[in-house]
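To be precise, the following lines are data.txt, and they hold compact mmCIF, C-alpha atoms (C1' of nucleotides).
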# COMPACT_ATOMS: atom_id res chain seq x y z
CA MET A 12 1.45 3.19 4.81
CA PRO A 13 -1.99 4.23 5.73
CA GLU A 14 -5.21 2.41 6.32
CA LEU A 15 -8.44 3.86 7.71
CA PRO A 16 -7.10 4.74 11.21
CA GLU A 17 -3.94 6.37 9.85
CA VAL A 18 -5.85 8.35 7.23
CA GLN A 19 -8.37 9.44 9.88
CA THR A 20 -5.45 10.54 12.07
CA VAL A 21 -4.14 12.67 9.21
CA VAL A 22 -7.63 14.11 8.63
CA ASN A 23 -8.00 14.99 12.33
CA HIS A 24 -4.60 16.63 12.40
CA LEU A 25 -5.06 18.63 9.20
CA ASN A 26 -8.47 19.85 10.35
CA LYS A 27 -6.79 21.34 13.43
CA LYS A 28 -3.99 22.95 11.47
CA ILE A 29 -4.95 24.15 8.01
CA VAL A 30 -8.70 24.89 7.93
CA GLY A 31 -9.47 28.48 6.98
CA GLN A 32 -6.11 29.10 5.37
CA LYS A 33 -5.75 30.26 1.82
CA ILE A 34 -3.45 28.49 -0.62
CA ILE A 35 -1.05 31.29 -1.53
CA ASN A 36 1.17 29.32 -3.87
CA LEU A 37 1.70 25.81 -5.14
CA GLU A 38 4.95 24.17 -6.18
CA ILE A 39 4.70 20.85 -7.99
CA LEU A 40 7.95 18.93 -8.32
CA GLN A 41 6.50 15.59 -9.48
CA GLU A 42 3.98 16.28 -12.20
CA LYS A 43 2.94 12.65 -12.65
CA MET A 44 1.24 12.63 -9.25
CA ILE A 45 -1.57 14.86 -10.57
CA LYS A 46 -3.80 12.46 -12.44
CA ASN A 47 -6.94 13.88 -14.00
CA ILE A 48 -6.06 17.45 -14.90
CA SER A 49 -3.18 19.48 -16.31
CA ILE A 50 -0.68 21.05 -13.94
CA THR A 51 -1.71 24.48 -15.18
CA ASP A 52 -5.40 23.90 -14.43
CA PHE A 53 -4.63 22.20 -11.11
CA LYS A 54 -2.69 25.25 -9.99
CA ALA A 55 -5.24 27.69 -11.36
CA VAL A 56 -8.05 26.09 -9.35
CA LEU A 57 -6.11 25.66 -6.11
CA ILE A 58 -4.14 28.88 -5.81
CA GLY A 59 -6.27 31.51 -4.12
CA SER A 60 -8.79 29.02 -2.73
CA ILE A 61 -9.47 28.58 0.98
CA ILE A 62 -9.42 25.14 2.62
CA GLN A 63 -12.80 24.68 4.30
CA ASN A 64 -12.34 21.24 5.82
CA ILE A 65 -10.79 17.82 5.26
CA ASP A 66 -12.79 14.64 5.07
CA ARG A 67 -12.19 10.95 4.41
CA VAL A 68 -13.73 8.44 2.00
CA GLY A 69 -12.16 5.03 2.52
CA LYS A 70 -8.44 5.73 2.40
CA TYR A 71 -8.87 8.91 0.36
CA LEU A 72 -8.41 12.39 1.83
CA ILE A 73 -10.94 14.93 0.57
CA PHE A 74 -9.91 18.58 0.79
CA HIS A 75 -13.03 20.76 0.46
CA LEU A 76 -12.28 24.15 -1.03
CA ASP A 77 -14.36 27.33 -0.97
CA ASN A 78 -14.48 27.64 -4.77
CA GLY A 79 -16.67 24.64 -5.58
CA TYR A 80 -13.88 22.11 -6.00
CA VAL A 81 -12.46 19.26 -3.95
CA MET A 82 -8.89 18.00 -4.07
CA VAL A 83 -8.70 14.23 -3.57
CA SER A 84 -5.44 12.83 -2.20
CA HIS A 85 -4.43 9.20 -1.76
CA LEU A 86 -1.30 8.44 0.26
CA ARG A 87 -0.88 4.89 -1.10
CA MET A 88 2.08 3.30 0.72
CA GLU A 89 4.15 6.13 2.11
CA GLY A 90 2.56 9.51 1.47
CA LYS A 91 2.50 11.99 4.33
CA TYR A 92 1.85 15.65 4.97
CA LEU A 93 4.51 17.72 6.73
CA ILE A 94 4.01 21.18 8.14
CA ARG A 95 7.09 23.35 7.77
CA ASP A 96 7.71 26.93 8.79
CA PHE A 97 8.65 29.20 5.90
CA GLU A 98 12.24 29.56 7.14
CA ASP A 99 12.51 25.81 7.73
CA ILE A 100 13.36 24.54 4.25
CA GLU A 101 16.25 22.16 4.84
CA PRO A 102 17.40 20.50 1.62
CA LEU A 103 17.82 17.10 3.26
CA ALA A 104 14.32 17.01 4.73
CA MET A 105 12.92 18.11 1.40
CA LYS A 106 14.38 15.18 -0.55
CA HIS A 107 11.10 13.36 -1.06
CA VAL A 108 8.79 16.36 -0.97
CA HIS A 109 6.87 16.49 -4.25
CA ILE A 110 4.25 19.17 -3.71
CA ILE A 111 4.51 22.30 -1.56
CA PHE A 112 1.32 24.15 -0.66
CA THR A 113 2.26 27.58 0.60
CA LEU A 114 -0.48 28.52 3.06
CA GLU A 115 -0.83 31.74 5.04
CA LYS A 116 0.94 30.48 8.15
CA PHE A 117 3.32 27.78 6.90
CA ASN A 118 4.12 25.39 4.08
CA LEU A 119 2.21 22.15 3.80
CA CYS A 120 4.58 19.65 2.16
CA TYR A 121 3.47 16.40 0.54
CA HIS A 122 6.22 13.83 1.16
CA ASP A 123 6.24 10.42 -0.52
CA THR A 124 9.35 8.24 -0.75
CA ARG A 125 7.93 5.87 -3.33
CA LYS A 126 5.94 8.44 -5.33
CA PHE A 127 2.86 6.20 -5.39
CA GLY A 128 0.48 8.84 -4.08
CA THR A 129 -2.13 10.45 -6.32
CA PHE A 130 -3.94 13.78 -6.56
CA THR A 131 -7.14 14.50 -8.45
CA LEU A 132 -9.44 17.47 -8.65
CA TYR A 133 -13.24 17.39 -9.00
CA GLU A 134 -16.19 19.71 -8.78
CA SER A 135 -17.63 19.30 -5.29
CA SER A 136 -21.15 18.66 -6.62
CA ASP A 137 -20.29 15.21 -7.98
CA PHE A 138 -16.89 14.09 -6.76
CA LEU A 139 -18.43 10.96 -5.22
CA ASN A 140 -19.37 9.84 -8.72
CA SER A 141 -15.77 10.06 -9.91
CA LYS A 142 -13.93 7.08 -11.35
CA GLU A 143 -11.97 6.47 -8.17
CA LEU A 144 -14.56 7.23 -5.48
CA SER A 145 -17.69 5.77 -7.04
CA LYS A 146 -16.53 2.23 -6.37
CA ILE A 147 -15.55 2.82 -2.73
CA ALA A 148 -17.89 0.81 -0.53
CA ILE A 149 -19.46 1.58 2.84
CA ASP A 150 -17.22 2.65 5.71
CA PRO A 151 -16.78 -0.10 8.32
CA LEU A 152 -17.60 2.37 11.12
CA ASN A 153 -20.95 3.16 9.48
CA ASP A 154 -23.96 1.47 11.13
CA GLY A 155 -24.93 0.10 7.74
CA PHE A 156 -21.91 -2.18 7.89
CA ASP A 157 -23.58 -5.01 9.81
CA TYR A 158 -23.49 -8.80 9.68
CA GLU A 159 -26.45 -9.11 7.31
CA TYR A 160 -24.70 -6.83 4.84
CA LEU A 161 -21.38 -8.67 5.13
CA PHE A 162 -22.97 -12.11 4.89
CA SER A 163 -24.99 -11.17 1.82
CA LYS A 164 -21.85 -9.84 0.11
CA ILE A 165 -19.61 -12.83 0.73
CA ASN A 166 -21.76 -15.91 1.04
CA LYS A 167 -21.51 -16.87 -2.63
CA SER A 168 -17.85 -15.99 -3.04
CA LYS A 169 -15.03 -18.44 -3.63
CA LYS A 170 -12.39 -15.91 -2.59
CA PRO A 171 -10.67 -16.04 0.80
CA ILE A 172 -12.26 -13.80 3.43
CA LYS A 173 -9.01 -11.84 3.71
CA THR A 174 -9.11 -10.92 0.03
CA LEU A 175 -12.78 -9.93 0.31
CA LEU A 176 -12.22 -7.60 3.28
CA LEU A 177 -9.12 -6.10 1.66
CA GLY A 178 -11.01 -5.13 -1.52
CA GLN A 179 -12.38 -1.61 -1.25
CA GLU A 180 -15.60 -2.39 -3.15
CA LEU A 181 -17.15 -4.49 -0.34
CA VAL A 182 -16.08 -2.45 2.67
CA SER A 183 -13.61 0.44 2.56
CA GLY A 184 -10.56 1.51 4.50
CA ILE A 185 -9.33 -1.88 5.70
CA GLY A 186 -5.76 -2.71 4.66
CA ASN A 187 -3.23 -5.44 5.30
CA ILE A 188 -2.49 -4.74 8.97
CA TYR A 189 -6.07 -4.38 10.16
CA VAL A 190 -7.47 -7.24 8.11
CA CYS A 191 -4.99 -9.57 9.83
CA GLU A 192 -5.85 -8.17 13.26
CA ILE A 193 -9.61 -8.28 12.66
CA LEU A 194 -9.55 -11.90 11.50
CA PHE A 195 -7.38 -12.90 14.46
CA SER A 196 -9.76 -11.30 16.95
CA ALA A 197 -12.76 -12.82 15.17
CA ARG A 198 -11.01 -16.22 15.20
CA VAL A 199 -11.54 -16.69 11.46
CA SER A 200 -8.82 -18.05 9.19
CA PRO A 201 -7.78 -15.55 6.50
CA PHE A 202 -7.88 -18.45 3.99
CA LYS A 203 -11.51 -19.37 4.72
CA LEU A 204 -13.60 -18.93 1.60
CA GLY A 205 -16.36 -16.34 1.73
CA SER A 206 -19.03 -18.97 1.06
CA LEU A 207 -17.91 -20.91 4.15
CA VAL A 208 -18.01 -18.00 6.61
CA SER A 209 -21.05 -18.37 8.86
CA GLU A 210 -23.47 -15.66 9.95
CA GLN A 211 -22.08 -15.95 13.46
CA GLU A 212 -18.56 -15.39 12.14
CA CYS A 213 -19.80 -12.38 10.15
CA LYS A 214 -21.16 -10.95 13.38
CA LEU A 215 -17.76 -11.34 15.01
CA ILE A 216 -15.89 -9.89 12.02
CA VAL A 217 -18.16 -6.81 11.99
CA LYS A 218 -17.91 -6.34 15.75
CA GLU A 219 -14.13 -6.71 15.83
CA SER A 220 -13.69 -4.45 12.79
CA LYS A 221 -15.47 -1.60 14.55
CA ARG A 222 -13.73 -2.21 17.88
CA ILE A 223 -10.21 -2.45 16.45
CA LEU A 224 -10.53 0.45 14.00
CA LYS A 225 -12.02 2.75 16.66
CA LEU A 226 -9.27 1.88 19.12
CA ALA A 227 -6.60 2.37 16.45
CA ILE A 228 -7.99 5.85 15.69
CA GLU A 229 -7.80 6.66 19.42
CA LYS A 230 -4.14 5.59 19.33
CA ASN A 231 -3.43 7.76 16.26
CA GLY A 232 -2.86 4.75 14.01
CA THR A 233 -0.11 2.18 13.66
CA THR A 234 3.52 3.05 12.96
CA VAL A 235 5.40 0.02 11.64
CA SER A 236 8.07 1.75 9.62
CA SER A 237 7.33 5.24 8.48
CA PHE A 238 3.83 6.44 9.30
CA SER A 239 3.74 9.71 11.17
CA PHE A 240 1.64 12.81 11.44
CA ASP A 241 2.44 16.23 12.87
CA ASN A 242 6.06 16.06 11.68
CA ASN A 243 7.26 12.66 12.82
CA HIS A 244 4.78 12.15 15.65
CA ALA A 245 4.16 8.39 15.46
CA GLY A 246 0.98 6.45 16.13
CA THR A 247 0.93 3.92 18.98
CA PHE A 248 -1.44 1.16 17.89
CA GLN A 249 1.56 -1.04 17.01
CA ASP A 250 1.72 -1.75 20.77
CA PHE A 251 -1.68 -3.43 20.47
CA LEU A 252 -1.03 -5.65 17.46
CA ASN A 253 -1.56 -9.38 18.02
CA VAL A 254 -0.42 -10.93 14.73
CA TYR A 255 0.81 -8.43 12.13
CA GLY A 256 4.61 -8.72 11.91
CA LYS A 257 4.58 -11.26 14.79
CA GLN A 258 5.64 -14.38 12.89
CA LYS A 259 7.35 -16.99 15.11
CA LEU A 260 6.25 -15.15 18.24
CA PRO A 261 3.80 -16.78 20.65
CA CYS A 262 0.08 -16.17 20.12
CA SER A 263 -1.29 -13.88 22.83
CA ASN A 264 -4.21 -16.27 23.26
CA CYS A 265 -2.83 -19.82 23.03
CA ASN A 266 0.97 -19.46 22.96
CA SER A 267 1.46 -21.37 19.71
CA LYS A 268 3.62 -19.68 17.08
CA ILE A 269 2.11 -17.02 14.83
CA VAL A 270 2.47 -18.03 11.19
CA LYS A 271 3.33 -15.87 8.20
CA ASP A 272 1.99 -17.01 4.85
CA TYR A 273 0.96 -15.27 1.63
CA ILE A 274 -2.43 -14.59 0.09
CA SER A 275 -2.28 -12.91 -3.33
CA LYS A 276 1.40 -12.21 -2.70
CA ARG A 277 0.72 -10.22 0.44
CA GLY A 278 2.06 -11.13 3.86
CA THR A 279 -0.66 -12.74 5.96
CA TYR A 280 -0.21 -13.26 9.69
CA PHE A 281 -2.42 -15.52 11.76
CA CYS A 282 -2.62 -18.15 14.50
CA ASN A 283 -3.25 -21.54 12.98
CA ASN A 284 -4.58 -22.82 16.29
CA CYS A 285 -7.01 -20.02 17.15
CA GLN A 286 -8.29 -19.13 13.69
CA LYS A 287 -10.45 -21.73 11.94
C1' DA U 18 -16.63 -10.95 -17.35
C1' DC U 19 -13.67 -12.36 -13.92
C1' DT U 20 -9.12 -13.46 -11.77
C1' DT U 21 -4.22 -13.11 -11.35
C1' DT U 22 0.08 -10.78 -12.25
C1' DA U 23 2.98 -6.96 -13.19
C1' DA U 24 3.91 -2.37 -12.67
C1' DC U 25 4.38 1.91 -10.38
C1' DC U 26 9.09 3.61 -6.98
C1' DT U 27 12.57 3.84 -3.18
C1' DG U 28 14.99 2.13 0.69
C1' DA U 29 15.78 -1.11 4.41
C1' DA U 30 16.99 -5.68 5.78
C1' DC U 31 19.06 -9.90 4.82
C1' DG U 32 22.14 -13.69 2.76
C1' DC U 33 26.41 -14.68 0.73
C1' DT F 9 32.30 -3.60 2.32
C1' DG F 10 29.59 -4.83 -1.35
C1' DC F 11 26.36 -6.93 -4.30
C1' DG F 12 22.02 -9.26 -5.35
C1' DT F 13 17.39 -10.47 -3.61
C1' DT F 14 13.20 -9.76 -1.20
C1' DC F 15 9.91 -7.16 1.05
C1' DA F 16 6.95 -3.02 2.46
C1' DG F 17 0.60 0.03 5.44
C1' DG F 18 -2.02 0.27 -2.01
C1' DT F 19 -4.16 0.44 -6.33
C1' DT F 20 -4.73 -0.53 -11.19
C1' DA F 21 -3.51 -1.51 -16.06
C1' DA F 22 -2.47 -5.45 -18.51
C1' DA F 23 -2.51 -10.20 -19.27
C1' DG F 24 -4.47 -14.72 -18.89
How does this structure look as structure tokens?
Amino acid sequence: MPELPEVQTVVNHLNKKIVGQKIINLEILQEKMIKNISITDFKAVLIGSIIQNIDRVGKYLIFHLDNGYVMVSHLRMEGKYLIRDFEDIEPLAMKHVHIIFTLEKFNLCYHDTRKFGTFTLYESSDFLNSKELSKIAIDPLNDGFDYEYLFSKINKSKKPIKTLLLGQELVSGIGNIYVCEILFSARVSPFKLGSLVSEQECKLIVKESKRILKLAIEKNGTTVSSFSFDNNHAGTFQDFLNVYGKQKLPCSNCNSKIVKDYISKRGTYFCNNCQK
DNA sequence: ACTTTAACCTGAACGC
DNA sequence: TGCGTTCAGGTTAAAG
């Protein structure tokens, strides 16, 4: 499901709704989702703590607690947070709810059809050095993500530019939808090897990354099948997509057909005429 | 050490 | 209607 703009949308929403509330109780229905700590310890740390704010590192959600710990949550493909009134527990809607945080005002339900999502708990003093977060690279919206940085990271690589941008250790938060859109707008073929991407093309990739991701955040993300926040409120950036999911449709720039191909087994959408 | 594949899960869409 | 196959916004352990 979620890439940087969708995760940021969730962060923005949760910051409006749950900050300052105490975790009264915790119900864990899928124990395997908690990765680095026992269920007993996970509960012991979280219950009674107050949520101070929610932050984002790449595609990870960081819940800062008032007791010196952070809870790290990754939504993977389909994870989402639902806010449900206490009296609102319908069995059908709860089918794929795996964790229920009982807060002071309502239940915060973690819903995940495919059960790919993960939860970890760290001391707040060094969570950035954790196994999962230590390898997350610079955020594309950070000023440090510039063309010199990108060029220096890719100019000796024999991997396709799409694969490089998709990996979280070079730049974080970009996933399959936005990498396709960024490369289309930058007019660079997703197959082009890193070593063949020019400085000028790096400038365009960086510029378009920032433009597209910022706009997508303004539009509350992209909903292609299931992404929603605020209980089924969908994002609207899908109305601005140029290539993702547009195979056989005319290119918005040149009218030739958008092509779908595969890179590392992942759907890759592009215009063979515009992107070189 | 580095690169590719398989696995983790469920459900929707499609072909026969 | 039903059954088998493929695909999905991600990451990572295992295999090559």
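Among the candidates A:Leu161, A:Met82, A:Ile111, A:Ile185, the residue lying nearest to Gln211 (chain A) is A:Leu161 (atoms considered: all atoms listed in the file).
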Residues of chain A within 8 Å of chain F: nearest atom pair and distance (Å, one decimal) for each, counting all atoms listed in the file, sorted by chain and number, as a Markdown table?
| residue | atom | partner | partner_atom | distance |
| --- | --- | --- | --- | --- |
| A:Met12 | CA | F:DG17 | C1' | 3.3 |
| A:Pro13 | CA | F:DG17 | C1' | 4.9 |
| A:Glu14 | CA | F:DG17 | C1' | 6.3 |
| A:Arg87 | CA | F:DG18 | C1' | 4.8 |
| A:Met88 | CA | F:DG18 | C1' | 5.8 |
| A:Glu89 | CA | F:DG17 | C1' | 7.8 |
| A:Gly186 | CA | F:DG17 | C1' | 7.0 |
| A:Asn187 | CA | F:DG17 | C1' | 6.7 |
| A:Ile188 | CA | F:DG17 | C1' | 6.7 |
| A:Val235 | CA | F:DG17 | C1' | 7.8 |
**OP:** Quote the spacing between CA of Tyr80 (chain A) and CA of Ile62 (chain A) in Å to one decimal place.
**Re:** 10.2 Å
**OP:** Would you list the contacts of region 23-26 of chain A as a count of residues only, taking every protein, DNA or RNA residue within 10 Å and counting only C-alpha atoms (C1' of nucleotides), but skipping same-chain residues closer than 6 positions in sequence?
**Re:** 16
Original post:
For chain U against chain A, which residues fall within 12 Å using all atoms listed in the file, given as a PyMOL selection string?
Top reply: chain U and resi 19-29
**OP:** Provide the CA of Gly246 (chain A) to CA of Cys120 (chain A) distance in Å, to one decimal place.
**Re:**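 The value is 19.6 Å.
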**OP:** Considering only C-alpha atoms (C1' of nucleotides), return as a ChimeraX atom specification whatever protein or nucleic-acid residues lie within 8 Å of region 147-159 of chain A, sequence-local ones (same chain, fewer than 2 positions apart) excluded.
**Re:** /A:68-69,143-145,161-163,179-184,210,213-214,217,220-221,224-225
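The spacing separating CA of Gln41 (chain A) from CA of Glu98 (chain A) amounts to 22.5 Å.
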Original post:
Nearest to Cys191 (chain A): which of A:Asp250, A:Glu42, A:Glu134, A:Asp272 is it, counting all atoms listed in the file?
Top reply: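 Looking at the shortest contact to Cys191 (chain A), the residue is A:Asp272.
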